[in-house]
Each structure stands twice: as structure tokens, then as C-alpha cells.
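Novice: TSV, C-alpha atoms, saved as model_20.tsv, coming up:
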```
chain	number	residue	atom	x	y	z
A	28	MET	CA	121.63	119.66	95.43
A	29	VAL	CA	120.22	119.96	91.89
A	30	LEU	CA	121.47	116.91	89.98
A	31	ARG	CA	119.48	117.31	86.76
A	32	PHE	CA	118.76	120.31	84.55
A	33	LYS	CA	116.61	121.40	81.63
A	34	LEU	CA	117.66	123.32	78.54
A	35	SER	CA	114.75	125.77	78.81
A	36	PRO	CA	111.77	126.47	81.10
A	37	GLY	CA	109.39	124.98	78.53
A	38	ASP	CA	111.17	121.62	78.35
A	39	TYR	CA	109.87	118.46	79.99
A	40	MET	CA	113.03	116.38	79.48
A	41	THR	CA	115.79	116.70	82.08
A	42	HIS	CA	119.47	115.76	81.81
A	43	GLU	CA	122.05	114.61	84.30
A	44	ILE	CA	124.56	117.26	85.37
A	45	GLU	CA	127.63	115.38	84.16
A	46	THR	CA	130.41	116.64	81.89
A	47	ARG	CA	129.80	114.52	78.77
A	48	THR	CA	126.01	114.93	78.97
A	49	VAL	CA	126.24	118.71	79.43
A	50	GLU	CA	128.60	119.02	76.44
A	51	GLU	CA	126.39	116.90	74.21
A	52	VAL	CA	122.98	118.44	74.93
A	53	THR	CA	124.14	122.07	75.02
A	54	GLY	CA	126.65	121.88	72.18
A	55	SER	CA	128.94	123.91	74.45
A	56	ALA	CA	127.14	126.97	73.11
A	57	ALA	CA	125.28	130.03	74.35
A	58	PRO	CA	123.09	130.66	76.25
A	59	TRP	CA	124.24	127.77	78.44
A	60	PHE	CA	127.97	128.46	78.07
A	61	ASN	CA	129.53	131.87	78.59
A	62	SER	CA	131.69	132.80	75.61
A	63	GLY	CA	135.17	134.31	75.61
A	64	MET	CA	136.46	132.39	78.62
A	65	SER	CA	138.73	129.40	78.99
A	66	ARG	CA	137.18	125.97	79.33
A	67	GLU	CA	138.16	125.79	83.01
A	68	HIS	CA	136.76	129.18	83.95
A	69	ARG	CA	133.69	129.67	81.82
A	70	ARG	CA	130.35	129.60	83.62
A	71	ILE	CA	127.69	127.14	82.52
A	72	PHE	CA	123.98	127.48	83.16
A	73	GLY	CA	120.82	125.42	82.90
A	74	VAL	CA	117.25	125.50	84.20
A	75	CYS	CA	116.09	123.91	87.45
A	76	PRO	CA	113.45	121.26	86.63
A	77	HIS	CA	111.60	121.94	89.88
A	78	CYS	CA	111.08	125.70	89.73
A	79	ASN	CA	112.10	126.79	86.17
A	80	ASN	CA	114.74	129.21	87.48
A	81	PRO	CA	118.36	129.44	86.25
A	82	VAL	CA	121.02	127.35	87.94
A	83	GLN	CA	124.78	127.44	87.50
A	84	LEU	CA	126.25	124.03	86.74
A	85	VAL	CA	129.35	123.71	88.93
A	86	GLY	CA	132.09	121.11	89.27
A	87	LEU	CA	132.16	120.07	85.61
A	88	PHE	CA	135.55	121.04	84.16
A	89	ARG	CA	137.87	121.99	87.00
A	90	GLU	CA	138.66	120.89	90.50
A	91	GLN	CA	136.23	122.43	92.95
A	92	SER	CA	135.40	121.70	96.54
A	93	VAL	CA	132.12	120.00	95.60
A	94	GLN	CA	130.97	116.45	96.22
A	95	ARG	CA	129.85	116.04	92.61
A	96	PRO	CA	128.75	118.25	89.70
A	97	HIS	CA	125.45	119.91	90.49
A	98	GLY	CA	123.31	122.96	89.89
A	99	LYS	CA	123.25	126.02	92.14
A	100	HIS	CA	120.45	128.59	91.99
A	101	VAL	CA	121.78	131.93	90.83
A	102	GLY	CA	118.91	134.05	92.18
A	103	GLY	CA	118.46	136.07	89.00
A	104	PRO	CA	117.77	135.84	85.24
A	105	ILE	CA	120.21	134.59	82.62
A	106	ALA	CA	119.86	136.37	79.30
A	107	GLY	CA	118.57	134.16	76.52
A	108	LEU	CA	117.98	131.23	78.87
A	109	ALA	CA	115.44	131.92	81.61
A	110	GLY	CA	113.98	134.70	83.69
A	111	PHE	CA	113.86	134.62	87.46
A	112	ASN	CA	110.68	133.92	89.40
A	113	PRO	CA	111.09	134.28	93.18
A	114	ASP	CA	107.61	132.80	93.74
A	115	SER	CA	108.50	129.50	92.08
A	116	GLN	CA	111.90	129.41	93.77
A	117	ARG	CA	110.15	129.59	97.15
A	118	ARG	CA	108.72	126.15	96.31
A	119	CYS	CA	111.97	124.50	95.19
A	120	PRO	CA	112.96	121.55	97.42
A	121	HIS	CA	116.65	122.22	96.81
A	122	LEU	CA	116.51	125.26	99.07
A	123	THR	CA	116.92	124.24	102.71
A	124	GLU	CA	114.35	126.67	104.08
A	125	ASN	CA	111.69	125.23	101.74
A	126	ARG	CA	112.30	121.66	102.86
A	127	ARG	CA	112.16	122.63	106.52
A	128	SER	CA	108.94	124.57	106.14
A	129	ALA	CA	105.77	122.76	107.15
A	130	GLY	CA	104.13	124.18	104.06
A	131	ARG	CA	101.83	127.12	103.63
A	132	THR	CA	99.53	128.71	101.07
A	133	LEU	CA	101.42	131.30	99.04
A	134	PRO	CA	99.98	134.46	97.49
A	135	ALA	CA	98.80	134.18	93.89
A	136	SER	CA	101.64	134.19	91.35
A	137	GLU	CA	102.41	133.45	87.69
A	138	PHE	CA	103.79	130.06	88.69
A	139	ASP	CA	100.28	128.97	89.73
A	140	GLN	CA	99.26	129.21	86.09
A	141	THR	CA	102.29	127.14	85.06
A	142	LEU	CA	101.20	124.35	87.41
A	143	LEU	CA	97.55	124.55	86.31
A	144	GLU	CA	98.59	124.30	82.67
A	145	VAL	CA	100.49	121.09	83.39
A	146	VAL	CA	97.39	119.65	85.06
A	147	ARG	CA	95.21	120.77	82.16
A	148	THR	CA	97.38	119.12	79.50
A	149	GLU	CA	98.64	116.08	81.46
A	150	TYR	CA	95.79	115.07	83.77
A	151	ASP	CA	95.36	111.64	82.17
A	152	ARG	CA	99.03	110.90	82.80
A	153	ILE	CA	98.75	112.23	86.34
A	154	ILE	CA	95.88	109.82	86.99
A	155	LEU	CA	97.92	106.96	85.49
A	156	LEU	CA	100.68	107.65	88.01
A	157	LEU	CA	98.23	107.98	90.90
A	158	ARG	CA	96.57	104.66	90.11
A	159	ASP	CA	99.88	102.92	90.68
A	160	PHE	CA	100.84	105.10	93.64
A	161	LEU	CA	97.55	104.71	95.54
A	162	GLY	CA	96.74	101.18	94.43
A	163	ILE	CA	93.24	102.07	93.27
A	164	GLY	CA	91.79	102.24	89.76
A	165	ILE	CA	90.75	105.88	89.71
A	166	LYS	CA	87.75	106.25	87.40
A	167	GLN	CA	86.27	109.38	85.85
A	168	PRO	CA	83.97	110.40	88.76
A	169	LEU	CA	86.70	110.14	91.40
A	170	ALA	CA	89.21	111.88	89.13
A	171	ARG	CA	86.76	114.77	88.74
A	172	ARG	CA	86.00	115.00	92.47
A	173	MET	CA	89.65	114.89	93.41
A	174	LEU	CA	90.66	117.65	90.98
A	175	HIS	CA	87.67	119.79	91.94
A	176	ALA	CA	88.56	119.48	95.63
A	177	TRP	CA	92.21	120.33	94.91
A	178	VAL	CA	91.20	123.45	92.99
A	179	GLU	CA	88.74	124.51	95.70
A	180	ALA	CA	91.52	124.15	98.29
A	181	GLU	CA	93.89	126.13	96.02
A	182	GLY	CA	96.37	123.26	96.23
A	183	TYR	CA	98.38	124.81	93.40
A	184	ARG	CA	99.39	127.58	95.82
A	185	PHE	CA	100.78	125.23	98.44
A	186	SER	CA	104.43	126.06	99.03
A	187	ARG	CA	105.65	122.47	98.67
A	188	VAL	CA	104.15	121.92	95.21
A	189	HIS	CA	106.54	122.17	92.28
A	190	LEU	CA	106.84	120.89	88.71
A	191	ARG	CA	108.37	117.51	89.59
A	192	ASN	CA	106.00	116.44	92.39
A	193	LEU	CA	102.71	117.86	91.08
A	194	PRO	CA	100.84	114.55	90.46
A	195	TRP	CA	101.33	113.24	93.98
A	196	MET	CA	100.54	116.53	95.70
A	197	ILE	CA	97.00	116.52	94.29
A	198	PRO	CA	95.70	113.71	96.56
A	199	TYR	CA	97.78	115.16	99.38
A	200	GLY	CA	95.81	118.39	99.09
A	201	VAL	CA	92.33	116.86	99.41
A	202	LYS	CA	90.32	115.06	102.08
A	203	ALA	CA	90.35	111.29	102.56
A	204	MET	CA	88.68	109.27	99.80
A	205	ASN	CA	85.91	106.74	100.45
A	206	LEU	CA	86.93	103.43	98.88
A	207	TYR	CA	83.49	101.81	98.60
A	208	GLY	CA	82.80	101.10	94.94
A	209	GLN	CA	86.38	101.80	93.90
A	210	VAL	CA	88.52	99.33	91.97
A	211	ILE	CA	91.32	98.07	94.22
A	212	GLN	CA	94.19	97.19	91.92
A	213	SER	CA	96.87	96.69	94.58
A	214	THR	CA	96.99	93.05	95.66
A	215	GLU	CA	98.50	94.03	99.01
A	216	LEU	CA	95.74	96.54	99.70
A	217	LYS	CA	93.05	94.08	98.63
A	218	ASP	CA	94.46	91.42	100.96
A	219	ALA	CA	94.70	93.91	103.85
A	220	ILE	CA	91.06	94.92	103.40
A	221	SER	CA	89.87	91.32	103.16
A	222	THR	CA	91.71	90.45	106.37
A	223	ALA	CA	90.67	93.47	108.43
A	224	VAL	CA	87.08	94.18	107.40
A	225	PRO	CA	84.27	91.58	107.74
A	226	GLY	CA	81.76	91.30	104.93
A	227	VAL	CA	83.81	92.85	102.13
A	228	SER	CA	83.59	91.52	98.62
A	229	PHE	CA	85.33	92.21	95.31
A	230	ASP	CA	83.63	91.68	91.99
A	231	LYS	CA	85.38	90.30	88.90
A	232	ASN	CA	86.83	93.77	88.20
A	233	SER	CA	88.15	94.10	91.78
A	234	LYS	CA	85.54	96.71	92.70
A	235	LEU	CA	85.10	96.92	96.46
A	236	THR	CA	81.57	96.05	97.60
A	237	ARG	CA	80.01	94.07	100.47
A	238	LEU	CA	78.47	90.66	100.81
A	239	PRO	CA	74.65	90.42	100.87
A	240	GLY	CA	73.41	91.08	104.41
A	241	ALA	CA	76.82	92.21	105.65
A	242	ASP	CA	77.21	95.30	107.81
A	243	TRP	CA	78.02	98.60	106.15
A	244	PHE	CA	81.63	99.67	106.31
A	245	ASP	CA	83.39	102.98	105.77
A	246	LEU	CA	86.95	102.68	104.45
A	247	ARG	CA	88.84	105.88	103.65
A	248	LEU	CA	92.20	106.42	102.00
A	249	GLN	CA	94.28	109.38	103.09
A	250	CYS	CA	97.63	110.78	101.89
A	251	LEU	CA	99.62	112.42	104.68
A	252	HIS	CA	103.10	113.25	105.98
A	253	HIS	CA	104.83	114.69	102.91
A	254	SER	CA	108.54	114.13	103.53
A	255	TYR	CA	111.99	114.59	101.97
A	256	GLN	CA	114.73	111.98	102.14
A	257	LYS	CA	118.23	112.20	100.71
A	258	GLY	CA	119.03	109.43	98.23
A	259	ASP	CA	122.32	107.63	97.75
A	260	ALA	CA	123.35	109.97	94.95
A	261	GLY	CA	122.59	113.06	97.01
A	262	GLU	CA	119.27	113.86	95.36
A	263	TRP	CA	116.16	114.67	97.38
A	264	GLN	CA	113.46	112.01	97.22
A	265	GLU	CA	109.88	112.82	98.20
A	266	SER	CA	107.28	110.56	99.73
A	267	LEU	CA	103.79	110.39	101.21
A	268	ARG	CA	102.30	108.01	103.70
A	269	VAL	CA	99.26	106.29	102.17
A	270	ARG	CA	96.90	105.11	104.89
A	271	VAL	CA	93.56	103.30	104.80
A	272	GLN	CA	91.42	103.36	107.96
A	273	ASP	CA	88.09	101.80	108.90
A	274	PHE	CA	85.66	104.48	110.07
A	275	SER	CA	82.72	102.10	110.34
A	276	GLY	CA	82.46	102.53	114.09
A	277	THR	CA	83.86	106.00	114.66
A	278	ASN	CA	84.39	109.42	113.11
A	279	SER	CA	87.72	109.90	114.87
A	280	ALA	CA	90.92	109.26	112.94
A	281	MET	CA	92.60	108.63	116.28
A	282	GLU	CA	90.23	105.73	116.98
A	283	ALA	CA	89.62	104.30	113.48
A	284	PRO	CA	91.57	101.03	113.00
A	285	THR	CA	94.36	101.19	110.42
A	286	VAL	CA	93.87	98.71	107.59
A	287	TRP	CA	96.87	99.63	105.43
A	288	ASP	CA	99.75	102.02	106.01
A	289	GLU	CA	102.71	102.42	103.71
A	290	VAL	CA	105.26	105.09	102.79
A	291	ARG	CA	105.33	105.52	99.01
A	292	PHE	CA	108.02	107.40	97.09
A	293	PHE	CA	107.35	109.66	94.10
A	294	ASP	CA	108.66	108.78	90.64
A	295	PRO	CA	109.26	112.14	88.92
A	296	ASP	CA	111.42	110.58	86.20
A	297	ARG	CA	108.45	108.53	85.02
A	298	PHE	CA	106.27	111.64	84.98
A	299	GLU	CA	108.91	113.40	82.92
A	300	LYS	CA	109.07	110.57	80.39
A	301	LEU	CA	105.29	110.46	80.06
A	302	MET	CA	105.11	114.21	79.41
A	303	ALA	CA	107.93	114.03	76.88
A	304	THR	CA	106.16	111.31	74.87
A	305	ASN	CA	104.46	112.69	71.78
A	306	SER	CA	100.70	112.20	71.89
A	307	LYS	CA	100.86	110.66	68.41
A	308	HIS	CA	102.87	107.77	69.86
A	309	ALA	CA	101.04	107.29	73.16
A	310	TYR	CA	97.57	106.50	74.42
A	311	ARG	CA	95.79	109.57	75.76
A	312	ASP	CA	92.57	109.49	77.78
A	313	TRP	CA	90.74	112.38	76.19
A	314	LYS	CA	87.81	112.11	78.60
A	315	LEU	CA	90.12	112.80	81.54
A	316	LEU	CA	91.66	115.72	79.65
A	317	GLU	CA	88.16	117.09	78.98
A	318	THR	CA	87.42	116.72	82.70
A	319	ALA	CA	90.52	118.73	83.57
A	320	GLU	CA	89.58	121.41	81.05
A	321	GLU	CA	86.06	121.68	82.51
A	322	VAL	CA	87.18	121.78	86.13
A	323	LEU	CA	89.95	124.30	85.51
A	324	ARG	CA	87.93	126.57	83.23
A	325	GLY	CA	87.74	130.00	84.76
A	326	VAL	CA	90.14	129.27	87.62
A	327	ASP	CA	91.76	132.56	88.55
A	328	ALA	CA	95.35	131.74	89.39
```
Would you write the structure of this file as C-alpha cells?
Specialist:
Amino acid sequence: MVLRFKLSPGDYMTHEIETRTVEEVTGSAAPWFNSGMSREHRRIFGVCPHCNNPVQLVGLFREQSVQRPHGKHVGGPIAGLAGFNPDSQRRCPHLTENRRSAGRTLPASEFDQTLLEVVRTEYDRIILLLRDFLGIGIKQPLARRMLHAWVEAEGYRFSRVHLRNLPWMIPYGVKAMNLYGQVIQSTELKDAISTAVPGVSFDKNSKLTRLPGADWFDLRLQCLHHSYQKGDAGEWQESLRVRVQDFSGTNSAMEAPTVWDEVRFFDPDRFEKLMATNSKHAYRDWKLLETAEEVLRGVDA
């Protein structure tokens, strides 16, 4: 069920679907509230933060057979609030058929450009989130390679990608990353590598290298098994399995020893807060934003 809503498709900030919050942020006014109806029977609308389509906010002011107030997709436009985009709704995790789908590449649509624009304007913040999520200090060259590979694979057309999970679906849409020379910022990952792989070394900046005379090793990090799990409040939580394997002695993922394997959950609320922070009051990595602009230039979505 949709438990948060936006006031318009262009907003980054979301709000809890709860009576007092809805009254305060909408002012009980159009286009969110229908006029000319009693408080108990008027219909209230918002925008789904995952797919930018209109949702009806139900269970707010009268007894209804619902577990808790939530948003329900209306399947059409709401005048003055938001249009309806069936392509973006096909990606929304709140629709059962989308969650059950294994994922597929969708035909080109306007929503592709919406996703690409978020990447173009927020890529430095996306990388900030991925550094924590993956446990590696993603530098400029890797950030460029990862985005280029995602664009080449048309990851923005994958049916499970939406506005709230976009950062984490970028590494999911590319091949495994070689960790040699990368900064390992996760203590747990660093310890796992040191224990499992002979001859590894970390410099003062935690960059992964090897000891003089040690055998070459081939460690690769892969994101796999995108999954949905229902949280305590009824919201859908998304996760990926982050796995590091040692391919030093084989090219087969079935044979390569596992060095680190952990299920990591997305944090879309943090992404939302980062996007909502005015650039005048936050550090922005302009080199990463320039990289995104260069990689995405001319992409035909």
C-alpha cells in the first residue's frame, strides 16, 4: 500500500498519509480536496512518490474497511494535480503484478527521461548513497564506468526501476565490479577480504592492493537478487544482495569462493532528503555532476 504521497509530480519531499499531516500540507484545498462535499465524503488525492501518478488517499476521515490510511492508484489523471502515465505505473512496486514480475526491459517512454533527469541532476548524491550501501569509496573513474554501463544496458527502461529506488538499481543493472585499487570503506568488508584472500594489503587510505611478491587476485563485487519485503508498517521495503567473490582461480561464479555476502536494504527516505536539500546549503560534487552530464548527453530515451 502507498503510505506516503507528494503534492505534485515535480516534488521531491513526501508526506505521511495521516489525517493531521494531509490537512496541514494540503490546506484542505483543491486540487487535493474535492470541493462541495461533506468532510466525510469528499475525495482526497495526492501523487505517488514512486511513479508520479495520482492516488486517492483513503481511510482519513471516516470509518472504512482499511488497515490504515493509504493511497490507492486511480488509473487516470486528476485535473490540476497530475496526469496519468501508464508506463510509469507499470514500474510502481505498489501494484502486485509489478512486484511479482521478474523484471523486463520496457519500450521507450516519457518516464525514461524523468529518471535520466534525476540521474543528471543528483548523481553526486546517488554516489554518496552507493558508497555507504556497497561499502566502497566510489571514485570518479568507477562512477563514470558504472553510469556508462548502466546507460549502455538501458537500465532506465528496466521495469523495476522507479523514482524511489533509482540509486540502488544502477549497480544492479551493470556487471560485477573489480575491487582491486578501490577504497574499501566498510570495516566488515575489509576484514572479510583480509581473512579470505592471501597477500592483500590496504594502504593508509584503505585502497585495496597486494603485498610485494604476492599472487594476483581477482575480487569482484556484484549486486543481485532484487527483492521486496513488507515492513512492520505495511510499506514495501526493497533490498539487494551484495556479494564479493574471489575469481582468482576460476571464471565461474558457481565455483568462485564467496568472500562477503550480505542483504542490504534501500533507504529512499535519505535519498528524498538529499534531493530536497537546497544546493546552497549542501556540498555538491560538481565533477560527478559533470560526469553525469557528459555520459548522458545525447541519450535517446
Novice: I'd like the interatomic distance between atom CA of A:Lys234 and atom CA of A:Arg171, to a tenth of an Å.
Specialist: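 Spanning atom CA of A:Lys234 to atom CA of A:Arg171 is a straight-line distance of 18.5 Å.
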Novice: Counting only C-alpha atoms, what is within 9 Å of A:Thr318, bar same-chain residues fewer than 2 positions away, as a PDB file with C-alpha atoms, in the frame of the given file?
Specialist:
```
ATOM      1  CA  ARG A 147      95.210 120.770  82.160  1.00  0.00           C
ATOM      2  CA  TYR A 150      95.790 115.070  83.770  1.00  0.00           C
ATOM      3  CA  GLN A 167      86.270 109.380  85.850  1.00  0.00           C
ATOM      4  CA  ALA A 170      89.210 111.880  89.130  1.00  0.00           C
ATOM      5  CA  ARG A 171      86.760 114.770  88.740  1.00  0.00           C
ATOM      6  CA  LEU A 174      90.660 117.650  90.980  1.00  0.00           C
ATOM      7  CA  TRP A 313      90.740 112.380  76.190  1.00  0.00           C
ATOM      8  CA  LYS A 314      87.810 112.110  78.600  1.00  0.00           C
ATOM      9  CA  LEU A 315      90.120 112.800  81.540  1.00  0.00           C
ATOM     10  CA  LEU A 316      91.660 115.720  79.650  1.00  0.00           C
ATOM     11  CA  GLU A 320      89.580 121.410  81.050  1.00  0.00           C
ATOM     12  CA  GLU A 321      86.060 121.680  82.510  1.00  0.00           C
ATOM     13  CA  VAL A 322      87.180 121.780  86.130  1.00  0.00           C
ATOM     14  CA  LEU A 323      89.950 124.300  85.510  1.00  0.00           C
TER      15      LEU A 323
END
```
Novice: Just checking: using only C-alpha atoms, which residue out of A:Gly240, A:Gly208, A:Gly162, A:Gly258 ends up closest to A:Glu289?
Specialist: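 Looking at the shortest contact to A:Glu289, the residue is A:Gly162.
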Novice: Please, what distance in Å, to one decimal, runs between atom CA of A:Val201 and atom CA of A:Arg311?
Specialist: 25.0 Å
Novice: For a test of reading the model, state the distance in Å between atom CA of A:Pro284 and atom CA of A:Gln272, rounded to one decimal.
Specialist: 5.6 Å
Novice: What's the 9 Å shell around A:Pro113, counting all atoms listed in the file, without same-chain residues fewer than 4 positions away, as number ranges by chain?
Specialist: A: 80, 102-103, 117
Novice: List as a list of chain:residue names the protein and nucleic acid residues near A:Asn205, meaning an atom at most 9 Å away when only C-alpha atoms are counted, but skip any in the same chain fewer than 6 places from it.
Specialist: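 Counting only C-alpha atoms, the residues come to A:Asp245, A:Leu246, A:Arg247, A:Leu248.
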Novice: Nearest residue to A:Asp312 out of A:Lys166, A:Leu190, A:Val224, A:Cys119, using all atoms listed in the file?
Specialist: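 Selected residue with least distance to A:Asp312: A:Lys166.
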Novice: Taking into account only C-alpha atoms, which residue in the set A:His100, A:Asn79, A:Phe298, A:Ala203 is nearest to A:Phe274?
Specialist: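 Selected residue with least distance to A:Phe274: A:Ala203.
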Novice: Quick one: residues within 12 Å of A:Lys202, all atoms listed in the file counted, chain neighbours fewer than 4 positions away excluded, as a PDB file with C-alpha atoms, in the coordinates of the input?
Specialist:
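Saved the output as out-v4.pdb:
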```
ATOM      1  CA  ARG A 172      86.000 115.000  92.470  1.00  0.00           C
ATOM      2  CA  MET A 173      89.650 114.890  93.410  1.00  0.00           C
ATOM      3  CA  LEU A 174      90.660 117.650  90.980  1.00  0.00           C
ATOM      4  CA  HIS A 175      87.670 119.790  91.940  1.00  0.00           C
ATOM      5  CA  ALA A 176      88.560 119.480  95.630  1.00  0.00           C
ATOM      6  CA  TRP A 177      92.210 120.330  94.910  1.00  0.00           C
ATOM      7  CA  GLU A 179      88.740 124.510  95.700  1.00  0.00           C
ATOM      8  CA  ALA A 180      91.520 124.150  98.290  1.00  0.00           C
ATOM      9  CA  GLY A 182      96.370 123.260  96.230  1.00  0.00           C
ATOM     10  CA  ILE A 197      97.000 116.520  94.290  1.00  0.00           C
ATOM     11  CA  PRO A 198      95.700 113.710  96.560  1.00  0.00           C
ATOM     12  CA  ARG A 247      88.840 105.880 103.650  1.00  0.00           C
ATOM     13  CA  LEU A 248      92.200 106.420 102.000  1.00  0.00           C
ATOM     14  CA  GLN A 249      94.280 109.380 103.090  1.00  0.00           C
ATOM     15  CA  CYS A 250      97.630 110.780 101.890  1.00  0.00           C
ATOM     16  CA  LEU A 251      99.620 112.420 104.680  1.00  0.00           C
TER      17      LEU A 251
END
```
Novice: Restricting the calculation to only C-alpha atoms, which member of A:Ser228, A:Thr141, A:Gln83, A:Ser306 is positioned closest to A:Leu193?
Specialist: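 Ranked by minimum distance to A:Leu193, first place goes to A:Thr141.
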Novice: Restore N, CA, C and O atoms in stretch 66-83 of chain A and list the result as a PDB file, keeping the file's coordinate frame.
Specialist:
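Generated file (result_16.pdb):
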```
ATOM      1  N   ARG A  66     138.026 127.106  78.993  1.00  0.00           N
ATOM      2  CA  ARG A  66     137.180 125.970  79.330  1.00  0.00           C
ATOM      3  C   ARG A  66     137.063 125.803  80.830  1.00  0.00           C
ATOM      4  O   ARG A  66     135.988 125.499  81.363  1.00  0.00           O
ATOM      5  N   GLU A  67     138.149 126.014  81.572  1.00  0.00           N
ATOM      6  CA  GLU A  67     138.160 125.790  83.010  1.00  0.00           C
ATOM      7  C   GLU A  67     137.433 126.881  83.783  1.00  0.00           C
ATOM      8  O   GLU A  67     137.019 126.668  84.914  1.00  0.00           O
ATOM      9  N   HIS A  68     137.308 128.069  83.187  1.00  0.00           N
ATOM     10  CA  HIS A  68     136.760 129.180  83.950  1.00  0.00           C
ATOM     11  C   HIS A  68     135.427 129.716  83.437  1.00  0.00           C
ATOM     12  O   HIS A  68     134.836 130.595  84.057  1.00  0.00           O
ATOM     13  N   ARG A  69     134.977 129.190  82.310  1.00  0.00           N
ATOM     14  CA  ARG A  69     133.690 129.670  81.820  1.00  0.00           C
ATOM     15  C   ARG A  69     132.569 129.200  82.746  1.00  0.00           C
ATOM     16  O   ARG A  69     132.675 128.169  83.403  1.00  0.00           O
ATOM     17  N   ARG A  70     131.500 129.966  82.783  1.00  0.00           N
ATOM     18  CA  ARG A  70     130.350 129.600  83.620  1.00  0.00           C
ATOM     19  C   ARG A  70     129.288 128.959  82.737  1.00  0.00           C
ATOM     20  O   ARG A  70     129.045 129.393  81.617  1.00  0.00           O
ATOM     21  N   ILE A  71     128.664 127.923  83.270  1.00  0.00           N
ATOM     22  CA  ILE A  71     127.690 127.140  82.520  1.00  0.00           C
ATOM     23  C   ILE A  71     126.370 127.158  83.269  1.00  0.00           C
ATOM     24  O   ILE A  71     126.346 127.022  84.501  1.00  0.00           O
ATOM     25  N   PHE A  72     125.283 127.324  82.524  1.00  0.00           N
ATOM     26  CA  PHE A  72     123.980 127.480  83.160  1.00  0.00           C
ATOM     27  C   PHE A  72     122.968 126.500  82.562  1.00  0.00           C
ATOM     28  O   PHE A  72     123.100 126.021  81.438  1.00  0.00           O
ATOM     29  N   GLY A  73     121.955 126.211  83.342  1.00  0.00           N
ATOM     30  CA  GLY A  73     120.820 125.420  82.900  1.00  0.00           C
ATOM     31  C   GLY A  73     119.587 125.909  83.635  1.00  0.00           C
ATOM     32  O   GLY A  73     119.602 126.962  84.287  1.00  0.00           O
ATOM     33  N   VAL A  74     118.514 125.135  83.562  1.00  0.00           N
ATOM     34  CA  VAL A  74     117.250 125.500  84.200  1.00  0.00           C
ATOM     35  C   VAL A  74     116.885 124.426  85.215  1.00  0.00           C
ATOM     36  O   VAL A  74     116.938 123.232  84.912  1.00  0.00           O
ATOM     37  N   CYS A  75     116.506 124.854  86.414  1.00  0.00           N
ATOM     38  CA  CYS A  75     116.090 123.910  87.450  1.00  0.00           C
ATOM     39  C   CYS A  75     114.769 123.259  87.048  1.00  0.00           C
ATOM     40  O   CYS A  75     113.799 123.960  86.736  1.00  0.00           O
ATOM     41  N   PRO A  76     114.691 121.927  87.045  1.00  0.00           N
ATOM     42  CA  PRO A  76     113.450 121.260  86.630  1.00  0.00           C
ATOM     43  C   PRO A  76     112.326 121.369  87.649  1.00  0.00           C
ATOM     44  O   PRO A  76     111.188 121.047  87.340  1.00  0.00           O
ATOM     45  N   HIS A  77     112.630 121.823  88.854  1.00  0.00           N
ATOM     46  CA  HIS A  77     111.600 121.940  89.880  1.00  0.00           C
ATOM     47  C   HIS A  77     110.905 123.296  89.858  1.00  0.00           C
ATOM     48  O   HIS A  77     109.703 123.378  90.099  1.00  0.00           O
ATOM     49  N   CYS A  78     111.665 124.360  89.599  1.00  0.00           N
ATOM     50  CA  CYS A  78     111.080 125.700  89.730  1.00  0.00           C
ATOM     51  C   CYS A  78     111.261 126.579  88.486  1.00  0.00           C
ATOM     52  O   CYS A  78     110.820 127.726  88.486  1.00  0.00           O
ATOM     53  N   ASN A  79     111.922 126.060  87.429  1.00  0.00           N
ATOM     54  CA  ASN A  79     112.100 126.790  86.170  1.00  0.00           C
ATOM     55  C   ASN A  79     113.003 128.012  86.284  1.00  0.00           C
ATOM     56  O   ASN A  79     112.961 128.888  85.413  1.00  0.00           O
ATOM     57  N   ASN A  80     113.803 128.095  87.330  1.00  0.00           N
ATOM     58  CA  ASN A  80     114.740 129.210  87.480  1.00  0.00           C
ATOM     59  C   ASN A  80     116.144 128.799  87.043  1.00  0.00           C
ATOM     60  O   ASN A  80     116.482 127.607  87.054  1.00  0.00           O
ATOM     61  N   PRO A  81     116.999 129.780  86.683  1.00  0.00           N
ATOM     62  CA  PRO A  81     118.360 129.440  86.250  1.00  0.00           C
ATOM     63  C   PRO A  81     119.206 128.867  87.380  1.00  0.00           C
ATOM     64  O   PRO A  81     119.093 129.282  88.535  1.00  0.00           O
ATOM     65  N   VAL A  82     120.034 127.901  87.009  1.00  0.00           N
ATOM     66  CA  VAL A  82     121.020 127.350  87.940  1.00  0.00           C
ATOM     67  C   VAL A  82     122.377 127.356  87.247  1.00  0.00           C
ATOM     68  O   VAL A  82     122.465 127.175  86.026  1.00  0.00           O
ATOM     69  N   GLN A  83     123.425 127.571  88.023  1.00  0.00           N
ATOM     70  CA  GLN A  83     124.780 127.440  87.500  1.00  0.00           C
ATOM     71  C   GLN A  83     125.239 126.000  87.711  1.00  0.00           C
ATOM     72  O   GLN A  83     125.077 125.432  88.794  1.00  0.00           O
TER      73      GLN A  83
END
```
